[in-house]
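Reproduced below: start.txt, with compact mmCIF, C-alpha atoms.
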```txt
# COMPACT_ATOMS: atom_id res chain seq x y z
CA GLU A 1324 110.35 85.64 60.58
CA GLU A 1325 108.20 88.43 59.08
CA ASP A 1326 105.87 85.81 57.57
CA GLU A 1327 105.40 84.25 61.02
CA LYS A 1328 104.47 87.59 62.58
CA GLU A 1329 101.97 88.56 59.85
CA PRO A 1330 99.07 86.34 61.03
CA GLU A 1331 99.54 87.63 64.58
CA MET A 1332 99.41 91.26 63.44
CA VAL A 1333 96.31 90.57 61.33
CA GLU A 1334 94.61 89.01 64.36
CA ARG A 1335 95.53 92.01 66.52
CA ARG A 1336 94.04 94.42 63.95
CA ARG A 1337 90.89 92.29 63.74
CA ARG A 1338 90.50 92.40 67.53
CA ALA A 1339 91.09 96.16 67.59
CA GLU A 1340 88.44 96.74 64.91
CA SER A 1341 85.92 94.56 66.77
CA VAL A 1342 86.53 96.48 70.01
CA GLU A 1343 86.32 99.91 68.40
CA SER A 1344 83.15 99.09 66.45
CA THR A 1345 80.97 98.23 69.42
CA ASP A 1346 79.67 99.89 72.53
CA GLU A 1347 78.91 96.55 74.13
CA PRO A 1348 80.61 95.82 77.47
CA LEU A 1349 84.11 94.43 77.13
CA ILE A 1350 84.61 91.01 78.70
CA ASP A 1351 87.85 89.69 80.19
CA ASP A 1352 88.96 87.30 77.45
CA LEU A 1353 90.26 84.64 79.83
CA VAL A 1354 86.86 84.48 81.53
CA ALA A 1355 84.90 84.65 78.28
CA ALA A 1356 86.88 81.71 76.90
CA GLY A 1357 85.33 79.45 79.55
CA PRO A 1358 88.22 76.93 79.65
CA SER A 1359 87.76 73.39 80.82
CA GLU A 1360 89.67 72.02 83.78
CA ASP A 1361 92.26 70.50 81.45
CA ASP A 1362 93.36 73.89 80.10
CA ALA A 1363 92.38 76.20 82.97
CA VAL A 1364 94.28 79.49 83.12
CA CYS A 1365 94.43 81.88 86.07
CA VAL A 1366 92.72 85.14 85.09
CA VAL A 1367 95.17 87.16 87.22
CA CYS A 1368 98.60 85.95 86.07
CA ALA A 1369 97.41 84.28 82.82
CA ASN A 1370 99.39 81.15 83.71
CA GLY A 1371 98.00 77.63 83.78
CA ASP A 1372 100.62 75.97 85.97
CA SER A 1373 99.18 74.42 89.12
CA GLU A 1374 101.27 73.27 92.08
CA VAL A 1375 100.44 71.46 95.29
CA ASN A 1376 100.66 74.62 97.39
CA ASN A 1377 99.33 76.93 94.68
CA GLN A 1378 96.45 75.23 92.92
CA ILE A 1379 94.11 76.80 90.39
CA VAL A 1380 90.60 76.91 91.85
CA TYR A 1381 87.24 77.38 90.15
CA CYS A 1382 84.29 79.57 91.17
CA GLU A 1383 81.20 77.41 90.88
CA ARG A 1384 78.96 80.38 90.13
CA CYS A 1385 80.81 82.54 87.59
CA GLY A 1386 83.38 80.11 86.17
CA LEU A 1387 86.43 82.07 87.34
CA TRP A 1388 89.80 80.30 87.52
CA VAL A 1389 92.46 81.74 89.85
CA HIS A 1390 95.62 80.59 91.60
CA GLN A 1391 95.43 80.43 95.37
CA LYS A 1392 98.34 82.88 95.70
CA CYS A 1393 97.00 85.25 93.05
CA TYR A 1394 93.65 85.54 94.84
CA GLY A 1395 94.87 85.16 98.43
CA ILE A 1396 93.14 81.84 99.09
CA ARG A 1397 94.58 80.29 102.22
CA GLU A 1398 92.64 77.03 102.18
CA ILE A 1399 90.56 75.37 99.48
CA PRO A 1400 87.18 74.29 100.90
CA ASP A 1401 86.06 70.68 100.65
CA GLY A 1402 82.89 71.73 98.86
CA GLU A 1403 82.19 74.49 96.38
CA TRP A 1404 84.36 77.63 96.24
CA TYR A 1405 83.09 81.09 95.30
CA CYS A 1406 85.00 84.24 94.41
CA TRP A 1407 84.36 87.33 96.55
CA VAL A 1408 81.87 88.85 94.11
CA CYS A 1409 79.77 85.69 94.03
CA SER A 1410 80.12 85.14 97.77
CA GLN A 1411 78.70 88.58 98.44
CA GLN A 1412 75.85 88.11 95.98
CA LEU A 1413 74.88 84.72 97.35
CA GLU A 1414 74.77 86.10 100.89
CA GLN A 1415 72.23 88.74 99.95
CA GLN A 1416 68.73 87.93 101.11
CA GLY A 1417 65.69 89.41 99.43
CA GLY A 1418 67.67 91.87 97.32
CA LYS A 1419 68.48 91.80 93.64
CA LEU A 1420 70.98 89.06 92.83
CA LEU A 1421 73.46 90.79 90.52
CA THR A 1422 75.23 89.06 87.67
CA MET A 1423 78.96 89.36 87.05
CA ASP A 1424 78.25 91.79 84.21
CA ASP A 1425 76.63 94.16 86.72
CA VAL A 1426 79.89 94.49 88.65
CA LYS A 1427 82.00 97.41 87.45
CA CYS A 1428 85.71 97.94 87.96
CA ALA A 1429 86.72 101.39 89.20
CA MET A 1430 89.77 101.31 86.93
CA CYS A 1431 88.58 100.03 83.55
CA PRO A 1432 85.48 99.24 81.42
CA VAL A 1433 86.15 95.48 81.26
CA ARG A 1434 83.53 93.24 82.87
CA ARG A 1435 83.99 89.95 84.74
CA GLY A 1436 87.34 88.72 86.00
CA ALA A 1437 88.99 88.53 89.44
CA PHE A 1438 87.78 91.37 91.67
CA LYS A 1439 88.44 92.55 95.19
CA LYS A 1440 87.40 95.73 96.95
CA THR A 1441 89.16 98.95 97.88
CA ASP A 1442 88.98 100.45 101.37
CA ASP A 1443 85.95 102.51 100.34
CA GLY A 1444 84.10 99.53 98.87
CA GLN A 1445 84.76 99.85 95.13
CA TRP A 1446 85.37 96.73 93.08
CA VAL A 1447 88.68 96.61 91.22
CA HIS A 1448 90.21 93.93 89.02
CA LEU A 1449 93.31 92.53 90.69
CA VAL A 1450 95.08 92.90 87.34
CA CYS A 1451 94.24 96.62 87.25
CA ALA A 1452 95.47 97.10 90.82
CA LEU A 1453 98.66 95.05 90.48
CA TRP A 1454 99.79 96.81 87.30
CA SER A 1455 98.98 100.30 88.65
CA PRO A 1456 102.16 101.75 90.19
CA GLU A 1457 100.33 103.60 92.96
CA MET A 1458 98.23 100.67 94.13
CA THR A 1459 98.89 97.55 96.18
CA VAL A 1460 97.01 94.33 96.81
CA GLN A 1461 97.29 92.95 100.31
CA ASP A 1462 98.05 89.24 100.55
CA VAL A 1463 94.95 88.43 102.55
CA ASP A 1464 92.08 86.00 102.17
CA ALA A 1465 89.56 88.82 102.40
CA GLU A 1466 87.17 90.83 100.25
CA TYR A 1467 88.77 94.19 101.09
CA ALA A 1468 92.36 93.94 99.90
CA VAL A 1469 93.10 96.77 97.43
CA GLU A 1470 94.82 99.95 98.62
CA GLY A 1471 95.97 103.16 96.96
CA LEU A 1472 93.11 104.02 94.61
CA GLU A 1473 93.13 107.56 95.97
CA LEU A 1474 96.83 107.83 95.10
CA VAL A 1475 96.33 107.32 91.37
CA THR A 1476 97.49 110.55 89.71
CA ALA A 1477 94.92 112.86 88.14
CA ASP A 1478 96.51 112.68 84.68
CA ARG A 1479 96.02 108.91 84.49
CA TRP A 1480 92.25 109.33 84.87
CA GLN A 1481 92.32 111.48 81.70
CA LEU A 1482 94.18 109.02 79.47
CA VAL A 1483 92.44 107.28 76.58
CA CYS A 1484 93.07 103.57 76.06
CA GLN A 1485 94.64 102.98 72.64
CA VAL A 1486 92.89 99.60 72.43
CA CYS A 1487 89.26 100.26 73.40
CA GLN A 1488 89.47 104.00 72.59
CA ARG A 1489 87.69 104.88 75.83
CA ARG A 1490 88.47 107.34 78.59
CA HIS A 1491 87.23 105.16 81.41
CA GLY A 1492 88.92 104.63 84.75
CA ALA A 1493 92.69 105.04 84.78
CA CYS A 1494 95.00 103.71 82.09
CA ILE A 1495 98.57 102.64 82.64
CA GLN A 1496 101.39 103.54 80.23
CA CYS A 1497 104.00 101.54 78.37
CA ASN A 1498 107.06 100.81 80.50
CA TYR A 1499 109.49 101.17 77.60
CA GLY A 1500 111.66 104.24 78.05
CA HIS A 1501 109.63 107.42 77.62
CA CYS A 1502 106.84 105.82 75.60
CA GLN A 1503 103.52 107.50 76.38
CA ALA A 1504 101.19 104.84 74.95
CA SER A 1505 98.27 104.32 77.33
CA PHE A 1506 95.95 101.35 77.79
CA HIS A 1507 93.95 99.39 80.32
CA PRO A 1508 95.88 96.29 81.45
CA LEU A 1509 93.07 93.89 80.49
CA CYS A 1510 92.57 95.58 77.12
CA ALA A 1511 96.29 95.20 76.49
CA ARG A 1512 96.22 91.52 77.45
CA ARG A 1513 93.26 90.98 75.14
CA MET A 1514 95.33 92.38 72.27
CA GLY A 1515 98.37 90.25 73.01
CA TYR A 1516 100.58 93.02 74.38
CA PHE A 1517 103.45 91.82 76.55
CA ILE A 1518 102.34 92.05 80.17
CA THR A 1519 104.66 90.43 82.64
CA MET A 1520 105.16 89.89 86.35
CA ARG A 1521 108.29 88.51 87.99
CA GLU A 1522 109.80 88.21 91.43
CA VAL A 1523 112.78 90.58 91.68
CA SER A 1524 113.56 89.75 95.30
CA VAL A 1525 112.06 87.64 98.06
CA GLY A 1526 108.42 88.66 98.37
CA LYS A 1527 108.76 91.60 95.94
CA MET A 1528 107.10 91.44 92.53
CA GLN A 1529 107.70 93.64 89.51
CA TYR A 1530 104.87 94.35 87.06
CA ARG A 1531 105.53 95.61 83.53
CA ALA A 1532 103.37 96.21 80.46
CA TYR A 1533 104.33 97.25 76.93
CA CYS A 1534 102.42 98.70 74.00
CA ASP A 1535 101.98 97.11 70.58
CA LYS A 1536 105.14 98.81 69.28
CA HIS A 1537 107.43 97.56 72.04
CA SER A 1538 105.84 94.25 73.09
CA ASP A 1539 107.60 91.94 70.61
CA MET A 1540 111.03 93.33 71.46
CA GLN A 1541 110.48 93.07 75.21
CA ARG A 1542 108.97 89.59 74.90
CA GLU A 1543 112.05 88.41 73.00
CA ARG A 1544 114.35 89.91 75.63
CA HIS A 1545 112.35 88.18 78.33
CA HIS A 1546 112.66 84.80 76.58
CA GLN A 1547 116.39 85.32 76.05
CA ARG A 1548 116.89 86.17 79.70
CA ALA A 1549 114.92 83.11 80.80
CA PHE A 1550 116.96 80.91 78.44
CA GLN A 1551 120.24 82.29 79.80
CA ILE A 1552 119.13 81.70 83.38
CA ALA A 1553 118.14 78.13 82.51
CA GLN A 1554 121.50 77.54 80.84
CA GLN A 1555 123.37 78.89 83.84
CA GLY A 1556 121.40 76.62 86.13
CA ALA A 1557 122.10 73.59 83.96
CA SER A 1558 125.78 74.51 83.80
CA ARG A 1559 126.08 74.80 87.57
CA SER A 1560 124.27 71.49 87.99
CA GLY A 1561 126.66 69.83 85.55
CA PHE A 1562 129.76 71.16 87.25
CA GLY A 1563 128.38 70.15 90.63
CA GLY A 1564 128.15 66.44 89.82
CA GLY A 1565 130.63 63.78 88.79
CA SER A 1566 133.41 64.66 91.23
CA ALA A 1567 135.14 61.78 92.96
```
How does this structure look as structure tokens?
Amino acid sequence: EEDEKEPEMVERRRRAESVESTDEPLIDDLVAAGPSEDDAVCVVCANGDSEVNNQIVYCERCGLWVHQKCYGIREIPDGEWYCWVCSQQLEQQGGKLLTMDDVKCAMCPVRRGAFKKTDDGQWVHLVCALWSPEMTVQDVDAEYAVEGLELVTADRWQLVCQVCQRRHGACIQCNYGHCQASFHPLCARRMGYFITMREVSVGKMQYRAYCDKHSDMQRERHHQRAFQIAQQGASRSGFGGGSA
């Protein structure tokens, strides 16, 4: 088992060194990968499953892939679809047409990705907002959908991300016990930390993120829980059939 984990740890160290050794803008890795339609992954939930009522759609301008539900898309247009950043830029007349790299998140230094705006007009990654305990994302097909930026505690704005080593925006902290490890959600995802979202009750989601020290343990627990739930479902299905 240790031999299997070694290549993964080497890759994580390599990524960390590459991030720490450059002042270049960080790019959301799921956007930078530029996947084809065959292996498209939603940049919000990092899942590639596509269903009839929750398809993965593609921004024709910036190459963003998002689920309808993750981005609040009520209806998919017959023609081209644009994310809110690109929609705003394309509507500008006579002004400078910004690129995705010109758009800055109020919560982290990572460029590109799935953005929406706060009440006061600041762009925020949906991932940053969803994993921030003080913030909420309204389930609306609208540009302005992020609330609670002003509620983010002062101490979180002072934290340094253990991945990119930058004090920029507001980091979150590991959800394991009293662990104080701090990081930006997208930096953590880039490094392979365990970042998860699950529905805990009807319409209520739970968002958790764990540092490099606690990710493997929590990921294993998550897989074990999912396996147990699947077994229980199969068992109930088996007992339910075959009766005369």
Counting all atoms listed in the file, which residues of segment 1428-1489 of chain A sit at most 9 Å from some atom of segment 1386-1395 of chain A, and what is each one's closest atom pair with its distance in Å to one decimal, listed by chain and rising residue number, as JSON lines?
```
{"residue": "A:Arg1435", "atom": "CA", "partner": "A:Leu1387", "partner_atom": "CA", "distance": 8.6}
{"residue": "A:Gly1436", "atom": "CA", "partner": "A:Leu1387", "partner_atom": "CA", "distance": 6.8}
{"residue": "A:Ala1437", "atom": "CA", "partner": "A:Leu1387", "partner_atom": "CA", "distance": 7.3}
{"residue": "A:Phe1438", "atom": "CA", "partner": "A:Tyr1394", "partner_atom": "CA", "distance": 8.9}
{"residue": "A:Lys1439", "atom": "CA", "partner": "A:Tyr1394", "partner_atom": "CA", "distance": 8.7}
{"residue": "A:Leu1449", "atom": "CA", "partner": "A:Tyr1394", "partner_atom": "CA", "distance": 8.1}
{"residue": "A:Gln1461", "atom": "CA", "partner": "A:Gly1395", "partner_atom": "CA", "distance": 8.4}
{"residue": "A:Asp1462", "atom": "CA", "partner": "A:Gly1395", "partner_atom": "CA", "distance": 5.6}
{"residue": "A:Val1463", "atom": "CA", "partner": "A:Gly1395", "partner_atom": "CA", "distance": 5.3}
{"residue": "A:Asp1464", "atom": "CA", "partner": "A:Gly1395", "partner_atom": "CA", "distance": 4.7}
{"residue": "A:Ala1465", "atom": "CA", "partner": "A:Gly1395", "partner_atom": "CA", "distance": 7.6}
```
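One finds atom CA of Cys1510 of chain A at 14.6 Å from atom CA of Ala1429 of chain A.
Atom pair atom CA of Met1423 of chain A / atom CA of Gly1492 of chain A has a distance of 18.4 Å (rounded to one decimal).
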re atom CA of Cys1431 of chain A and atom CA of His1507 of chain A: distance 6.3 Å
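Distance annotation: of A:Gln1551, A:Gln1529, A:Ser1455, A:Gln1378, the residue with the minimal separation from Ile1495 of chain A is A:Ser1455; atom set is all atoms listed in the file.
Once Ala1532 of chain A and its same-chain neighbours fewer than 3 positions away are set aside, Cys1497, Asn1498, Phe1517 and Ile1518 of chain A remain within 6 Å of it when counting all atoms listed in the file.
Taking all atoms listed in the file into account, Asp1362 of chain A lies nearest to A:Ile1379 out of the set A:Leu1509, A:Ile1399, A:Val1426, A:Ile1379.
Taking all atoms listed in the file into account, Ala1468 of chain A lies nearest to A:His1448 out of the set A:His1448, A:Pro1456, A:Ala1355, A:Asn1376.
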* So which residues touch Trp1480 of chain A within 9 Å, counting all atoms listed in the file, skipping near sequence neighbours fewer than 3 positions away, as number ranges by chain? -> A: 1430, 1475-1477, 1483, 1490-1494
Check your understanding: Which residues come within 12 Å of Pro1400 of chain A, counting only C-alpha atoms, excluding same-chain residues fewer than 5 positions away, as a ChimeraX atom specification?
Key -> /A:1380-1382,1391,1405
- What lies within 12 Å of His1537 of chain A using only C-alpha atoms, ignoring chain neighbours under 2 positions off, as JSON, numbers by chain? {"A": [1496, 1497, 1498, 1499, 1500, 1501, 1502, 1503, 1504, 1515, 1516, 1517, 1518, 1531, 1532, 1533, 1534, 1535, 1539, 1540, 1541, 1542, 1543, 1544]}
Restrict the selected residues to C-alpha atoms and save them as a compact mmCIF listing (two decimals), keeping the file's coordinate frame.
```txt
# COMPACT_ATOMS: atom_id res chain seq x y z
CA GLN A 1496 101.39 103.54 80.23
CA CYS A 1497 104.00 101.54 78.37
CA ASN A 1498 107.06 100.81 80.50
CA TYR A 1499 109.49 101.17 77.60
CA GLY A 1500 111.66 104.24 78.05
CA HIS A 1501 109.63 107.42 77.62
CA CYS A 1502 106.84 105.82 75.60
CA GLN A 1503 103.52 107.50 76.38
CA ALA A 1504 101.19 104.84 74.95
CA GLY A 1515 98.37 90.25 73.01
CA TYR A 1516 100.58 93.02 74.38
CA PHE A 1517 103.45 91.82 76.55
CA ILE A 1518 102.34 92.05 80.17
CA ARG A 1531 105.53 95.61 83.53
CA ALA A 1532 103.37 96.21 80.46
CA TYR A 1533 104.33 97.25 76.93
CA CYS A 1534 102.42 98.70 74.00
CA ASP A 1535 101.98 97.11 70.58
CA ASP A 1539 107.60 91.94 70.61
CA MET A 1540 111.03 93.33 71.46
CA GLN A 1541 110.48 93.07 75.21
CA ARG A 1542 108.97 89.59 74.90
CA GLU A 1543 112.05 88.41 73.00
CA ARG A 1544 114.35 89.91 75.63
```
I'd like the box whose edges run along x, y and z of the file and which contains every listed atom of segment 1476-1486 of chain A, padded by 5 Å per side; could you state its centre and edge lengths in Å, one decimal, as JSON?
```
{"center_x": 94.9, "center_y": 106.2, "center_z": 81.1, "size_x": 15.2, "size_y": 23.3, "size_z": 27.3}
```
Of A:Cys1385, A:Ile1396, A:Met1514, A:Met1528, the one sitting nearest Asp1424 of chain A when using only C-alpha atoms is A:Cys1385
